[in-house]
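Student: Handing over protein-v6.txt, compact mmCIF, C-alpha atoms.
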# COMPACT_ATOMS: atom_id res chain seq x y z
CA MET A 404 -178.43 -94.56 -208.22
CA GLU A 405 -176.44 -91.43 -207.41
CA ILE A 406 -177.30 -91.79 -203.72
CA LEU A 407 -175.88 -95.32 -203.65
CA ALA A 408 -172.88 -94.22 -205.72
CA THR A 409 -172.25 -91.36 -203.29
CA ILE A 410 -172.43 -93.74 -200.33
CA TRP A 411 -169.89 -96.00 -202.00
CA PHE A 412 -167.64 -93.10 -202.89
CA VAL A 413 -167.58 -92.14 -199.19
CA LEU A 414 -166.99 -95.75 -198.13
CA ILE A 415 -164.05 -96.10 -200.51
CA VAL A 416 -162.54 -92.88 -199.20
CA VAL A 417 -162.92 -94.24 -195.65
CA LEU A 418 -161.19 -97.48 -196.71
CA TRP A 419 -158.24 -95.53 -198.13
CA MET A 420 -158.09 -93.48 -194.93
CA GLY A 421 -158.07 -96.68 -192.89
CA TYR A 422 -155.31 -98.16 -195.03
CA LEU A 423 -153.02 -95.13 -194.79
CA PHE A 424 -153.64 -94.74 -191.05
CA LEU A 425 -152.99 -98.41 -190.23
CA ASP A 426 -150.53 -99.66 -192.82
CA GLY A 427 -148.83 -96.26 -192.89
CA PHE A 428 -147.01 -96.94 -189.63
CA ASP A 429 -146.04 -100.43 -190.86
CA LEU A 430 -144.43 -98.85 -193.90
CA GLY A 431 -142.69 -96.25 -191.77
CA VAL A 432 -141.26 -98.89 -189.44
CA GLY A 433 -140.04 -100.85 -192.45
CA MET A 434 -138.31 -97.78 -193.89
CA MET A 435 -136.49 -97.20 -190.61
CA MET A 436 -135.15 -100.76 -190.31
CA PRO A 437 -131.59 -100.00 -191.58
CA PHE A 438 -131.28 -96.72 -189.69
CA LEU A 439 -133.01 -96.57 -186.32
CA SER A 440 -131.00 -99.24 -184.54
CA ARG A 441 -127.59 -100.71 -185.29
CA SER A 442 -127.98 -103.77 -183.07
CA GLU A 443 -129.69 -106.93 -184.24
CA ARG A 444 -131.92 -106.95 -181.16
CA GLY A 445 -132.99 -103.40 -181.90
CA LYS A 446 -133.95 -104.32 -185.45
CA ARG A 447 -135.91 -107.29 -184.14
CA VAL A 448 -137.76 -104.94 -181.80
CA LEU A 449 -138.85 -102.96 -184.86
CA LEU A 450 -140.01 -106.11 -186.64
CA ASN A 451 -141.82 -107.45 -183.57
CA SER A 452 -143.65 -104.14 -183.11
CA ILE A 453 -145.52 -104.68 -186.40
CA GLY A 454 -145.31 -108.48 -186.57
CA PRO A 455 -148.81 -109.29 -185.22
CA VAL A 456 -150.67 -106.61 -187.20
CA TRP A 457 -149.04 -105.83 -190.56
CA GLU A 458 -150.90 -108.48 -192.54
CA GLY A 459 -154.24 -107.44 -191.07
CA ASN A 460 -153.53 -103.83 -191.94
CA GLU A 461 -153.04 -104.73 -195.60
CA VAL A 462 -156.61 -106.04 -195.70
CA TRP A 463 -157.68 -102.39 -195.98
CA LEU A 464 -155.66 -101.99 -199.20
CA ILE A 465 -157.19 -105.10 -200.76
CA THR A 466 -160.68 -104.04 -199.68
CA ALA A 467 -160.26 -100.48 -201.00
CA ALA A 468 -159.03 -101.68 -204.41
CA GLY A 469 -161.71 -104.39 -204.55
CA ALA A 470 -164.46 -101.91 -203.66
CA MET A 471 -163.28 -99.58 -206.43
CA PHE A 472 -163.41 -102.47 -208.90
CA ALA A 473 -166.90 -103.58 -207.90
CA ALA A 474 -168.59 -100.24 -207.18
CA PHE A 475 -166.88 -98.07 -209.81
CA PRO A 476 -165.51 -100.32 -212.57
CA HIS A 477 -164.92 -97.41 -214.96
CA TRP A 478 -162.95 -95.53 -212.28
CA TYR A 479 -160.92 -98.65 -211.58
CA ALA A 480 -160.32 -99.33 -215.29
CA SER A 481 -159.28 -95.77 -216.17
CA LEU A 482 -157.06 -95.25 -213.12
CA PHE A 483 -155.37 -98.63 -213.04
CA SER A 484 -154.74 -98.78 -216.77
CA ALA A 485 -153.34 -95.24 -216.80
CA LEU A 486 -151.09 -96.04 -213.84
CA TYR A 487 -150.10 -99.52 -214.97
CA ILE A 488 -146.37 -98.90 -214.53
CA PRO A 489 -146.41 -97.33 -211.02
CA LEU A 490 -148.98 -99.85 -209.81
CA THR A 491 -146.80 -102.72 -211.05
CA VAL A 492 -143.89 -101.17 -209.15
CA CYS A 493 -146.17 -100.90 -206.10
CA LEU A 494 -147.14 -104.56 -206.37
CA LEU A 495 -143.48 -105.61 -206.61
CA ALA A 496 -142.69 -103.41 -203.60
CA LEU A 497 -145.49 -105.03 -201.59
CA ILE A 498 -144.22 -108.50 -202.50
CA PHE A 499 -140.62 -107.58 -201.63
CA ARG A 500 -141.76 -106.15 -198.31
CA ALA A 501 -143.83 -109.18 -197.34
CA VAL A 502 -141.11 -111.65 -198.33
CA ALA A 503 -138.51 -109.63 -196.41
CA ILE A 504 -140.57 -109.74 -193.20
CA GLU A 505 -140.97 -113.51 -193.48
CA TYR A 506 -137.47 -114.38 -194.75
CA ARG A 507 -135.24 -112.11 -192.68
CA GLY A 508 -135.20 -114.46 -189.72
CA LYS A 509 -134.67 -117.58 -191.82
CA GLY A 510 -130.92 -117.04 -192.21
CA HIS A 511 -128.10 -116.22 -189.80
CA SER A 512 -125.37 -114.62 -191.88
CA GLU A 513 -124.88 -110.86 -191.76
CA LYS A 514 -125.22 -110.60 -195.55
CA TRP A 515 -128.54 -112.42 -195.45
CA LYS A 516 -129.95 -110.16 -192.74
CA ALA A 517 -128.61 -106.99 -194.36
CA PHE A 518 -130.12 -107.90 -197.73
CA TRP A 519 -133.60 -108.50 -196.34
CA THR A 520 -133.36 -105.47 -194.05
CA TRP A 521 -132.79 -103.24 -197.07
CA ALA A 522 -135.40 -105.16 -199.07
CA LEU A 523 -137.94 -104.33 -196.37
CA ALA A 524 -136.90 -100.67 -196.36
CA VAL A 525 -137.02 -100.30 -200.15
CA GLY A 526 -140.28 -102.23 -200.46
CA SER A 527 -141.92 -100.12 -197.76
CA ALA A 528 -140.71 -96.86 -199.31
CA GLY A 529 -141.82 -97.92 -202.79
CA THR A 530 -145.29 -98.84 -201.55
CA ALA A 531 -145.75 -95.58 -199.65
CA PHE A 532 -144.61 -93.50 -202.63
CA CYS A 533 -146.77 -95.29 -205.21
CA ILE A 534 -149.94 -95.26 -203.07
CA GLY A 535 -149.51 -91.56 -202.29
CA ALA A 536 -148.90 -90.74 -205.96
CA MET A 537 -151.95 -92.72 -207.09
CA LEU A 538 -154.30 -91.02 -204.61
CA ALA A 539 -153.00 -87.58 -205.53
CA LEU A 540 -153.48 -88.27 -209.23
CA THR A 541 -157.03 -89.53 -208.79
CA THR A 542 -158.00 -86.30 -206.99
CA ILE A 543 -156.01 -83.76 -209.06
CA GLY A 544 -156.42 -85.47 -212.41
CA LEU A 545 -154.94 -87.22 -215.43
CA PRO A 546 -154.96 -86.32 -219.15
CA LEU A 547 -158.12 -88.27 -220.06
CA ASN A 548 -159.93 -88.18 -223.40
CA ASP A 549 -163.69 -88.43 -223.86
CA HIS A 550 -163.47 -92.26 -223.58
CA GLY A 551 -161.79 -92.10 -220.17
CA ASP A 552 -158.42 -93.22 -221.56
CA MET A 553 -155.15 -91.48 -220.71
CA ILE A 554 -153.39 -89.85 -223.65
CA GLY A 555 -149.77 -88.81 -223.95
CA GLY A 556 -148.05 -92.17 -223.60
CA ALA A 557 -147.22 -94.58 -220.78
CA PHE A 558 -145.51 -91.88 -218.71
CA ALA A 559 -148.10 -89.11 -219.04
CA TRP A 560 -148.93 -89.62 -215.36
CA MET A 561 -145.49 -88.28 -214.38
CA SER A 562 -146.40 -84.82 -213.13
CA TRP A 563 -146.21 -82.61 -210.06
CA PRO A 564 -149.27 -84.25 -208.42
CA ALA A 565 -147.57 -87.66 -208.66
CA LEU A 566 -144.39 -86.27 -207.09
CA VAL A 567 -146.23 -84.37 -204.35
CA GLY A 568 -148.46 -87.34 -203.52
CA GLY A 569 -145.56 -89.80 -203.59
CA LEU A 570 -143.35 -87.67 -201.32
CA GLY A 571 -146.35 -87.04 -199.10
CA GLY A 572 -146.98 -90.78 -198.75
CA LEU A 573 -143.31 -91.29 -197.85
CA GLY A 574 -143.29 -88.44 -195.35
CA PHE A 575 -146.53 -89.38 -193.65
CA SER A 576 -145.62 -93.07 -193.35
CA LEU A 577 -142.16 -92.26 -191.99
CA ALA A 578 -143.47 -89.88 -189.32
CA HIS A 579 -146.41 -92.16 -188.47
CA GLY A 580 -144.09 -95.14 -188.08
CA LEU A 581 -141.76 -93.24 -185.75
CA ILE A 582 -144.68 -92.10 -183.60
CA PHE A 583 -145.95 -95.69 -183.48
CA LEU A 584 -142.53 -96.95 -182.40
CA GLY A 585 -142.51 -94.38 -179.60
CA LEU A 586 -145.91 -95.70 -178.55
CA LYS A 587 -145.06 -99.40 -178.89
CA THR A 588 -141.44 -99.75 -177.66
CA GLN A 589 -139.27 -99.09 -174.63
CA GLY A 590 -135.66 -98.16 -174.08
CA GLU A 591 -133.28 -96.87 -176.71
CA VAL A 592 -135.59 -97.57 -179.67
CA ARG A 593 -138.33 -95.45 -178.08
CA ALA A 594 -135.95 -92.61 -177.30
CA ARG A 595 -134.53 -92.55 -180.82
CA SER A 596 -138.00 -92.75 -182.37
CA ARG A 597 -139.12 -89.71 -180.39
CA ARG A 598 -136.05 -87.72 -181.41
CA TRP A 599 -136.41 -88.62 -185.09
CA ALA A 600 -140.17 -87.95 -185.07
CA GLY A 601 -139.65 -84.52 -183.54
CA ARG A 602 -137.13 -83.64 -186.24
CA ILE A 603 -138.93 -84.84 -189.36
CA MET A 604 -142.68 -84.54 -188.62
CA LEU A 605 -143.17 -81.00 -189.87
CA PRO A 606 -140.83 -81.11 -192.91
CA ALA A 607 -142.25 -84.51 -193.93
CA ALA A 608 -145.78 -83.07 -193.89
CA ILE A 609 -145.09 -80.35 -196.48
CA PRO A 610 -146.01 -82.42 -199.60
CA PHE A 611 -149.30 -83.61 -198.11
CA LEU A 612 -150.15 -80.06 -196.97
CA ILE A 613 -149.63 -78.85 -200.55
CA TRP A 614 -151.99 -81.58 -201.75
CA PHE A 615 -154.56 -80.75 -199.05
CA ALA A 616 -154.37 -77.03 -199.83
CA PHE A 617 -155.12 -77.73 -203.50
CA SER A 618 -158.65 -78.71 -202.47
CA ILE A 619 -159.33 -75.11 -201.44
CA THR A 620 -159.04 -74.08 -205.10
CA GLN A 621 -161.99 -76.40 -205.82
CA ARG A 622 -164.24 -75.27 -202.94
CA THR A 623 -163.26 -72.42 -200.63
CA TRP A 624 -165.15 -73.81 -197.63
CA LEU A 625 -162.70 -76.72 -197.57
CA VAL A 626 -160.31 -74.38 -195.81
CA VAL A 627 -162.04 -75.62 -192.63
CA PRO A 628 -160.90 -79.29 -192.79
CA VAL A 629 -157.49 -78.17 -194.07
CA LEU A 630 -157.09 -75.90 -191.03
CA ILE A 631 -158.20 -78.80 -188.81
CA ALA A 632 -155.50 -80.95 -190.43
CA ILE A 633 -152.85 -78.28 -189.83
CA ALA A 634 -153.93 -77.80 -186.21
CA ALA A 635 -153.90 -81.57 -185.58
CA LEU A 636 -150.40 -81.79 -187.07
CA ILE A 637 -149.09 -79.00 -184.84
CA PHE A 638 -150.65 -80.53 -181.72
CA ALA A 639 -149.24 -83.93 -182.70
CA PHE A 640 -145.79 -82.36 -182.95
CA VAL A 641 -146.19 -80.79 -179.50
CA ALA A 642 -147.34 -84.15 -178.10
CA VAL A 643 -144.30 -85.93 -179.56
CA ARG A 644 -141.96 -83.40 -177.99
CA ALA A 645 -143.77 -83.89 -174.67
CA GLY A 646 -143.46 -87.68 -174.85
CA ALA A 647 -147.23 -88.22 -175.17
CA GLU A 648 -147.03 -90.78 -177.97
CA LYS A 649 -150.62 -92.01 -177.74
CA ARG A 650 -152.02 -88.52 -178.11
CA ALA A 651 -149.55 -87.79 -180.90
CA PHE A 652 -150.54 -90.95 -182.79
CA ILE A 653 -154.25 -90.09 -182.64
CA LEU A 654 -153.67 -86.45 -183.63
CA HIS A 655 -151.44 -87.50 -186.53
CA GLY A 656 -154.29 -89.71 -187.71
CA ILE A 657 -156.75 -86.79 -187.44
CA TYR A 658 -154.37 -84.72 -189.56
CA LEU A 659 -154.49 -87.41 -192.26
CA ILE A 660 -158.27 -87.94 -192.10
CA ALA A 661 -159.14 -84.23 -192.19
CA GLY A 662 -156.77 -83.64 -195.10
CA LEU A 663 -158.04 -86.58 -197.15
CA ALA A 664 -161.63 -85.55 -196.43
CA ALA A 665 -160.80 -82.14 -197.92
CA VAL A 666 -159.18 -83.47 -201.11
CA PHE A 667 -161.92 -86.00 -201.86
CA ALA A 668 -164.67 -83.50 -201.03
CA GLY A 669 -162.95 -81.10 -203.42
CA VAL A 670 -163.03 -83.55 -206.31
CA PHE A 671 -166.65 -84.75 -205.70
CA PRO A 672 -168.75 -85.62 -207.72
CA ASN A 673 -165.83 -86.60 -209.94
CA VAL A 674 -163.86 -89.73 -209.18
CA LEU A 675 -161.16 -88.99 -211.75
CA PRO A 676 -160.83 -85.46 -213.17
CA SER A 677 -159.48 -84.83 -216.66
CA THR A 678 -156.72 -82.24 -216.94
CA ILE A 679 -157.49 -81.81 -220.66
CA ASP A 680 -161.20 -80.98 -220.54
CA PRO A 681 -163.47 -81.01 -217.45
CA ALA A 682 -166.16 -82.55 -219.65
CA ASN A 683 -164.00 -85.69 -219.92
CA SER A 684 -163.88 -86.18 -216.15
CA LEU A 685 -165.31 -89.41 -214.75
CA THR A 686 -168.21 -88.75 -212.35
CA ILE A 687 -169.65 -91.09 -209.74
CA ALA A 688 -172.82 -91.50 -211.84
CA ALA A 689 -170.94 -92.39 -215.02
CA ALA A 690 -168.38 -94.66 -213.35
CA SER A 691 -170.57 -96.63 -210.96
CA SER A 692 -172.07 -100.11 -211.20
CA SER A 693 -175.78 -100.87 -211.31
CA ASP A 694 -178.19 -100.28 -208.40
CA TYR A 695 -178.40 -104.02 -207.81
CA THR A 696 -174.63 -104.41 -207.51
CA LEU A 697 -174.28 -101.43 -205.17
CA ASN A 698 -177.19 -102.66 -202.99
CA VAL A 699 -175.78 -106.17 -202.63
CA MET A 700 -172.32 -104.79 -201.85
CA LEU A 701 -173.77 -102.44 -199.23
CA ILE A 702 -175.61 -105.27 -197.46
CA VAL A 703 -172.50 -107.45 -197.42
CA THR A 704 -170.41 -104.53 -196.15
CA ILE A 705 -172.84 -103.75 -193.33
CA VAL A 706 -172.52 -107.37 -192.16
CA ILE A 707 -168.79 -108.00 -192.75
CA LEU A 708 -167.08 -104.67 -192.03
CA PRO A 709 -168.00 -104.53 -188.31
CA ILE A 710 -166.61 -108.06 -187.89
CA ILE A 711 -163.32 -107.05 -189.51
CA ILE A 712 -163.07 -103.92 -187.36
CA ALA A 713 -163.92 -105.87 -184.19
CA TYR A 714 -161.28 -108.48 -184.97
CA GLN A 715 -158.62 -105.85 -185.61
CA ILE A 716 -159.47 -104.08 -182.35
CA PHE A 717 -159.19 -107.41 -180.56
CA SER A 718 -155.80 -108.17 -182.14
CA TYR A 719 -154.43 -104.75 -181.23
CA ARG A 720 -155.61 -105.13 -177.63
CA MET A 721 -154.00 -108.56 -177.41
CA PHE A 722 -150.61 -107.11 -178.42
CA LEU A 723 -150.89 -103.81 -176.56
CA ALA A 724 -147.79 -104.16 -174.38
CA ARG A 725 -144.57 -102.30 -175.18
CA ILE A 726 -141.57 -104.18 -176.55
CA ALA A 727 -137.97 -103.70 -175.39
CA GLU A 728 -134.65 -105.24 -176.41
CA THR A 729 -134.66 -107.20 -173.13
CA HIS A 730 -137.75 -109.05 -174.38
CA ILE A 731 -135.92 -110.33 -177.46
CA PRO A 732 -134.14 -113.70 -176.93
CA GLU A 733 -130.78 -114.48 -178.44
CA ALA A 734 -130.97 -115.76 -181.99
CA HIS A 735 -130.26 -119.47 -182.24
CA LYS A 736 -130.07 -122.06 -184.95
CA LEU A 737 -132.53 -124.93 -184.92
CA PRO A 738 -131.16 -128.41 -185.57
CA VAL A 739 -131.93 -129.89 -188.96
CA ALA A 740 -134.65 -132.51 -188.78
CA ILE A 741 -133.34 -136.08 -189.22
CA ARG A 742 -135.10 -137.91 -191.99
CA SER A 743 -135.70 -141.60 -191.57
Kindly present the structure from the file in structure tokens form.
Tutor:
Amino acid sequence: MEILATIWFVLIVVLWMGYLFLDGFDLGVGMMMPFLSRSERGKRVLLNSIGPVWEGNEVWLITAAGAMFAAFPHWYASLFSALYIPLTVCLLALIFRAVAIEYRGKGHSEKWKAFWTWALAVGSAGTAFCIGAMLALTTIGLPLNDHGDMIGGAFAWMSWPALVGGLGGLGFSLAHGLIFLGLKTQGEVRARSRRWAGRIMLPAAIPFLIWFAFSITQRTWLVVPVLIAIAALIFAFVAVRAGAEKRAFILHGIYLIAGLAAVFAGVFPNVLPSTIDPANSLTIAAASSSDYTLNVMLIVTIVILPIIIAYQIFSYRMFLARIAETHIPEAHKLPVAIRS
């Protein structure tokens, strides 16, 4: 059973990596909507850069949460009940973000557009912060009793790991989104994205680097993936400054993957450490479902996951071309349909 549980622990970590790598740039683009371009065409360039892919990227979030629920129900129950308030905020932020993307183009007044532009920015920032805080807390720990319940009240989760993880999620998403815009756009938006990315990449990475470095206190050999993460970040910064956005995007992803591999390897075999007593920590063996459940899930995953990945690769290849303001037509009002 522990072998299957270990496999599913690794798969869930990979799903969270995939979500942060893919939806991270969506969130970063959303956060930059009010700031990166003053013109309406420029803002529409930002929206069009993520328009074909943002919904597909969120599949990784749903799959990661669903896999936690099915493979490790006790992990899911302890974590999600302890973080009920921030996860509710995260859900509202996700809803606000999705509605803003769909509704922004449905009106033509400046107030309408400004409202939904800021709704998209706030929703994206709230999502990035809450996801980062949750992942940091599940690897550093919560005050759990011997029943796996959080003690200390509804706000006992408010601690330095939550702040570091939340700021790290914000910083990573912002930098990742700017690098993506440099890769996906042309003209003034691309130039501004490169300038902003070069300025904020390294400062924005500080919270995540603190989180990654914490793993070394658990196992000293994890200094290796942490150093890989730092090296990838530095090379990504150099690539951004050189205008090599594709290389920078890949290296920034390696920085994330190496760092997350370190923090989850550091917490293994626990899925949720207790900051009160290590004996209260939830382990993969104690938190996992039955062998039958894990086997069925693994078979379904082996069949379905390659199809999802292949479809996403196909969709990205279909929308590979860069976008410029010259590609954006003038906004126009459609005539109201005449009812008979």
Student: Set out as JSON lines a contact list for segment 614-729 of chain A and segment 443-451 of chain A with a cut-off of 8 Å, giving each residue of segment 614-729 of chain A that qualifies its closest atom pair and distance in Å to one decimal, counting all atoms listed in the file, ordered by chain and rising residue number.
Tutor:
{"residue": "A:Ile726", "atom": "CA", "partner": "A:Val448", "partner_atom": "CA", "distance": 6.5}
{"residue": "A:Ala727", "atom": "CA", "partner": "A:Val448", "partner_atom": "CA", "distance": 6.5}
{"residue": "A:Glu728", "atom": "CA", "partner": "A:Arg444", "partner_atom": "CA", "distance": 5.7}
Student: Box for segment 555-562 of chain A: with edges along x, y and z, all listed atoms inside and 8 Å added on each side, what are the centre and edge lengths in Å to one decimal, as JSON?
Tutor:
{"center_x": -147.6, "center_y": -89.7, "center_z": -218.5, "size_x": 20.3, "size_y": 25.8, "size_z": 26.8}
Student: Which residue gives the smallest distance to Arg644 of chain A among A:Ser596, A:Ala661, A:Phe428, A:Tyr487, with only C-alpha atoms counted?
Tutor: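 The shortest atom-to-atom distance to Arg644 of chain A comes from A:Ser596.
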Student: Grab the atom CA of Arg441 of chain A to atom CA of Gly535 of chain A distance for me, in Å with one decimal place.
Tutor: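 The value is 29.2 Å.
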Student: Between atom CA of Ser718 of chain A and atom CA of Thr466 of chain A, what distance in Å does the model show, to one decimal?
Tutor: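 For atom CA of Ser718 of chain A relative to atom CA of Thr466 of chain A, the distance reads 18.7 Å.
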Student: Between A:Pro732, A:Pro476, A:Gly556, A:Gly529, single out the one closest to Ile498 of chain A, counting only C-alpha atoms.
Tutor: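 Ranked by minimum distance to Ile498 of chain A, first place goes to A:Gly529.
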Student: Using all atoms listed in the file, which residues sit within 7 Å of segment 641-643 of chain A once same-chain residues fewer than 5 positions away are excluded, as a count of residues only?
Tutor: 5
Student: For atom CA of Arg500 of chain A and atom CA of Trp560 of chain A, determine how far apart the two atoms are, in Å to one decimal place.
Tutor: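 Straight-line distance from atom CA of Arg500 of chain A to atom CA of Trp560 of chain A works out to 24.8 Å.
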Student: Find the residue from A:Pro437, A:Asp694, A:Ile453, A:Thr678 that sits nearest to Lys516 of chain A; use only C-alpha atoms when measuring.
Tutor: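 Ranking A:Pro437, A:Asp694, A:Ile453, A:Thr678 by distance to Lys516 of chain A, first place goes to A:Pro437.
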Student: Fewer than 4 positions away in the same chain doesn't count, so skip those; otherwise give me all residues within 9 Å of Leu697 of chain A, counting all atoms listed in the file, as a ChimeraX atom specification.
Tutor: /A:404,407-408,411,473-474,691-693,701-702
Student: Residues near Leu545 of chain A, anyone? I mean within 12 Å using all atoms listed in the file, not counting same-chain ones fewer than 2 positions away, as an NGL selection string.
Tutor: :A and (478 or 481-486 or 536-543 or 547-548 or 551-565 or 674-681 or 683-685)
Student: Please work out which residues fall within 12 Å of (-156.1, -74.0, -191.4), coordinates as given in the file, with all atoms listed in the file counting, and return them as a list in words.
Tutor: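 Checked against the point, the hits come out as Leu612, Phe615, Ala616, Ile619, Thr623, Trp624, Leu625, Val626, Val627, Pro628, Val629, Leu630, Ile631, Ala632, Ile633, Ala634, Ala635, Leu636, Ile637, Tyr658, Ala661, Gly662 and Ala665 of chain A.
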Student: Write out the residues from the selection above, keeping C-alpha atoms, as a compact mmCIF listing (two decimals), in the coordinates of the input.
Tutor:
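Just written: again.txt:
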# COMPACT_ATOMS: atom_id res chain seq x y z
CA LEU A 612 -150.15 -80.06 -196.97
CA PHE A 615 -154.56 -80.75 -199.05
CA ALA A 616 -154.37 -77.03 -199.83
CA ILE A 619 -159.33 -75.11 -201.44
CA THR A 623 -163.26 -72.42 -200.63
CA TRP A 624 -165.15 -73.81 -197.63
CA LEU A 625 -162.70 -76.72 -197.57
CA VAL A 626 -160.31 -74.38 -195.81
CA VAL A 627 -162.04 -75.62 -192.63
CA PRO A 628 -160.90 -79.29 -192.79
CA VAL A 629 -157.49 -78.17 -194.07
CA LEU A 630 -157.09 -75.90 -191.03
CA ILE A 631 -158.20 -78.80 -188.81
CA ALA A 632 -155.50 -80.95 -190.43
CA ILE A 633 -152.85 -78.28 -189.83
CA ALA A 634 -153.93 -77.80 -186.21
CA ALA A 635 -153.90 -81.57 -185.58
CA LEU A 636 -150.40 -81.79 -187.07
CA ILE A 637 -149.09 -79.00 -184.84
CA TYR A 658 -154.37 -84.72 -189.56
CA ALA A 661 -159.14 -84.23 -192.19
CA GLY A 662 -156.77 -83.64 -195.10
CA ALA A 665 -160.80 -82.14 -197.92
Student: So that I can check the surroundings of Ala607 of chain A, please list as a list in words every protein, DNA and RNA residue that reaches within 12 Å of it, counting all atoms listed in the file and ignoring chain neighbours fewer than 4 positions away.
Tutor: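 So the residues in contact are Gly431, Val567, Gly568, Gly569, Leu570, Gly571, Gly572, Leu573, Gly574, Phe575, Ser576, Leu577, Ala578, His579, Leu581, Trp599, Ala600, Gly601, Arg602, Ile603, Phe611, Leu612, Ile613, Leu636 and Phe640 of chain A.
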Student: For the selection you just gave me, I'd like the residues written to a file as a PDB file, keeping the file's coordinate frame, keeping C-alpha atoms.
Tutor:
ATOM      1  CA  GLY A 431    -142.690 -96.250-191.770  1.00  0.00           C
ATOM      2  CA  VAL A 567    -146.230 -84.370-204.350  1.00  0.00           C
ATOM      3  CA  GLY A 568    -148.460 -87.340-203.520  1.00  0.00           C
ATOM      4  CA  GLY A 569    -145.560 -89.800-203.590  1.00  0.00           C
ATOM      5  CA  LEU A 570    -143.350 -87.670-201.320  1.00  0.00           C
ATOM      6  CA  GLY A 571    -146.350 -87.040-199.100  1.00  0.00           C
ATOM      7  CA  GLY A 572    -146.980 -90.780-198.750  1.00  0.00           C
ATOM      8  CA  LEU A 573    -143.310 -91.290-197.850  1.00  0.00           C
ATOM      9  CA  GLY A 574    -143.290 -88.440-195.350  1.00  0.00           C
ATOM     10  CA  PHE A 575    -146.530 -89.380-193.650  1.00  0.00           C
ATOM     11  CA  SER A 576    -145.620 -93.070-193.350  1.00  0.00           C
ATOM     12  CA  LEU A 577    -142.160 -92.260-191.990  1.00  0.00           C
ATOM     13  CA  ALA A 578    -143.470 -89.880-189.320  1.00  0.00           C
ATOM     14  CA  HIS A 579    -146.410 -92.160-188.470  1.00  0.00           C
ATOM     15  CA  LEU A 581    -141.760 -93.240-185.750  1.00  0.00           C
ATOM     16  CA  TRP A 599    -136.410 -88.620-185.090  1.00  0.00           C
ATOM     17  CA  ALA A 600    -140.170 -87.950-185.070  1.00  0.00           C
ATOM     18  CA  GLY A 601    -139.650 -84.520-183.540  1.00  0.00           C
ATOM     19  CA  ARG A 602    -137.130 -83.640-186.240  1.00  0.00           C
ATOM     20  CA  ILE A 603    -138.930 -84.840-189.360  1.00  0.00           C
ATOM     21  CA  PHE A 611    -149.300 -83.610-198.110  1.00  0.00           C
ATOM     22  CA  LEU A 612    -150.150 -80.060-196.970  1.00  0.00           C
ATOM     23  CA  ILE A 613    -149.630 -78.850-200.550  1.00  0.00           C
ATOM     24  CA  LEU A 636    -150.400 -81.790-187.070  1.00  0.00           C
ATOM     25  CA  PHE A 640    -145.790 -82.360-182.950  1.00  0.00           C
TER      26      PHE A 640
END
Student: Dig up all the protein and nucleic acid residues within 8 Å of (-144.4, -99.8, -200.9) in the file frame, using all atoms listed in the file, and format them as a list in words.
Tutor: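 Result, sorted by chain then residue number: Leu430, Cys493, Leu494, Ala496, Leu497, Arg500, Val525, Gly526, Ser527, Ala528, Gly529, Thr530, Ala531, Phe532, Cys533 and Ile534 of chain A.
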Student: May I ask which of the residues A:Gln589, A:Phe667, A:Gly646, A:His511 is the closest one to Leu414 of chain A, counting all atoms listed in the file?
Tutor: A:Phe667
Student: Rank A:Arg720, A:His477, A:Arg598, A:Arg593 by their smallest atom-to-atom distance to Pro455 of chain A, using all atoms listed in the file, and report the top residue only.
Tutor: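 Among the listed residues, the smallest separation from Pro455 of chain A belongs to A:Arg720.
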Student: For Glu591 of chain A, which residue out of A:Ile710, A:Met471, A:Ile731, A:Leu439 is the nearest one, using all atoms listed in the file?
Tutor: A:Leu439
Student: For C-alpha atoms, please extract segment 556-567 of chain A from the block and return it as a PDB file, in the first residue's frame.
Tutor:
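Final output, saved to selection.pdb:
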ATOM      1  CA  GLY A 556      -9.000  28.664  16.199  1.00  0.00           C
ATOM      2  CA  ALA A 557     -10.010  29.527  12.644  1.00  0.00           C
ATOM      3  CA  PHE A 558      -6.947  31.727  12.092  1.00  0.00           C
ATOM      4  CA  ALA A 559      -4.268  29.424  13.522  1.00  0.00           C
ATOM      5  CA  TRP A 560      -2.978  28.940   9.974  1.00  0.00           C
ATOM      6  CA  MET A 561      -1.852  32.587   9.868  1.00  0.00           C
ATOM      7  CA  SER A 562       1.899  32.191  10.276  1.00  0.00           C
ATOM      8  CA  TRP A 563       5.184  32.935   8.546  1.00  0.00           C
ATOM      9  CA  PRO A 564       4.895  29.904   6.200  1.00  0.00           C
ATOM     10  CA  ALA A 565       1.524  31.197   4.949  1.00  0.00           C
ATOM     11  CA  LEU A 566       2.999  34.655   4.331  1.00  0.00           C
ATOM     12  CA  VAL A 567       6.153  33.329   2.661  1.00  0.00           C
TER      13      VAL A 567
END
